[in-house]
Amino acid sequence: MRFFGLLVLTGLFILLAALPLAAKVLSHADYARSEPAADAALVAPPTQVKVWFTQELFRRAGENWLRVTGPDGARVNVGEAAVDDDDRTLLTVALAEALAEGAYRVEWRALSAEDGHPKEGEFAFSVGTANPAPAAPAAPEATPTTQPTAEPSAPSPTGGLPCLGAAPLALLAVGAVLARRRNH
């Protein structure tokens with residue numbers, strides 16, 4: 001029985017040591033920050049939108065995108081978004097010249113190079129107004145397969161693995177029960 005108790009403790013140690021790695025592998029490329037910033041009220045219109053993510057992006061055509069829509073719901077981005085060559089956490093798209101005053105919505109999709117999973121979301125900014133309320137939804141020309149979230153997502157402090165926090169406790173409980181049975 002001593003061998004079994006040692007085996008349980010060794011397994012627990014290995015699990016605890018692997019949790020940070022598992023959290024990194026299973027997490028997704030989340031929104032980190034952007035220019036213009038989420039909910040920013042700008043005096044002058046921007047010429048491009050830049051979004052930084054928490055992980056490097058996978059370079060596959062059509063997998064990473066930014067869609068910017070204006071106050072009337074029409075798209076105002078020019079061309080397709082591109083992953084920066086020097087900083088693969090950065091996705092950039094150019095905007096049409098002389099954007100009108102009003103609220104703009106940025107929808108994004110990012111494919112993580114670390115785990116291969118996509119993540120989607122959106123945020124808003126405004127030009128010449130104090131309230132960056134989200135713009136009207138864009139026409140359904142190529143809607144994403146999943147509904148984007150209403151707020152930019154912040155990285156999870158658990159790395160997206162809230163259920164693994166209970167695993168070490170469960171192993172400890174099993175080990176305690178087995179040790180108690182051995183003593184009886």
# chains A, B, ... in the order shown; residues from 1 in each chain; ligands from 1
>>> residues_around(residues="Pro36 (chain A)", least_positions_apart="2", cutoff="9 Å", atoms="only C-alpha atoms", output="PyMOL selection string")
chain A and resi 33-34+38-42+46+48-51+125
>>> atom_distance(atom1="CA of Thr47 (chain A)", atom2="CA of Leu95 (chain A)")
5.2 Å
>>> residues_around(residues="Thr54 (chain A)", least_positions_apart="6", cutoff="7 Å", atoms="only C-alpha atoms", output="ChimeraX atom specification")
/A:29-32,89
>>> write_last_selection(atoms="N, CA and C atoms", output="PDB file, in the first residue's frame")
ATOM      1  N   ALA A  29      -6.211  32.778 -28.546  1.00  0.00           N
ATOM      2  CA  ALA A  29      -5.708  34.120 -28.802  1.00  0.00           C
ATOM      3  C   ALA A  29      -6.821  35.113 -28.475  1.00  0.00           C
ATOM      4  N   ASP A  30      -6.762  35.718 -27.306  1.00  0.00           N
ATOM      5  CA  ASP A  30      -7.762  36.678 -26.860  1.00  0.00           C
ATOM      6  C   ASP A  30      -7.341  38.098 -27.206  1.00  0.00           C
ATOM      7  N   TYR A  31      -8.323  38.992 -27.249  1.00  0.00           N
ATOM      8  CA  TYR A  31      -8.097  40.420 -27.449  1.00  0.00           C
ATOM      9  C   TYR A  31      -7.218  40.926 -26.299  1.00  0.00           C
ATOM     10  N   ALA A  32      -6.146  41.636 -26.622  1.00  0.00           N
ATOM     11  CA  ALA A  32      -5.284  42.244 -25.602  1.00  0.00           C
ATOM     12  C   ALA A  32      -5.502  43.758 -25.568  1.00  0.00           C
ATOM     13  N   THR A  89       1.387  38.830 -33.089  1.00  0.00           N
ATOM     14  CA  THR A  89       0.204  39.029 -32.242  1.00  0.00           C
ATOM     15  C   THR A  89      -0.628  40.206 -32.753  1.00  0.00           C
TER      16      THR A  89
END
>>> closest_residue(among="A:Glu35, A:Arg2, A:Trp65, A:Gln55", to="Ser112 (chain A)", atoms="only C-alpha atoms")
A:Gln55
>>> residues_around(residues="Val83 (chain A)", least_positions_apart="3", cutoff="8 Å", atoms="only C-alpha atoms", output="list in words")
Leu57, Arg59, Asn64, Asp87, Arg88, Thr89, Leu90, Leu91 and Thr92 of chain A
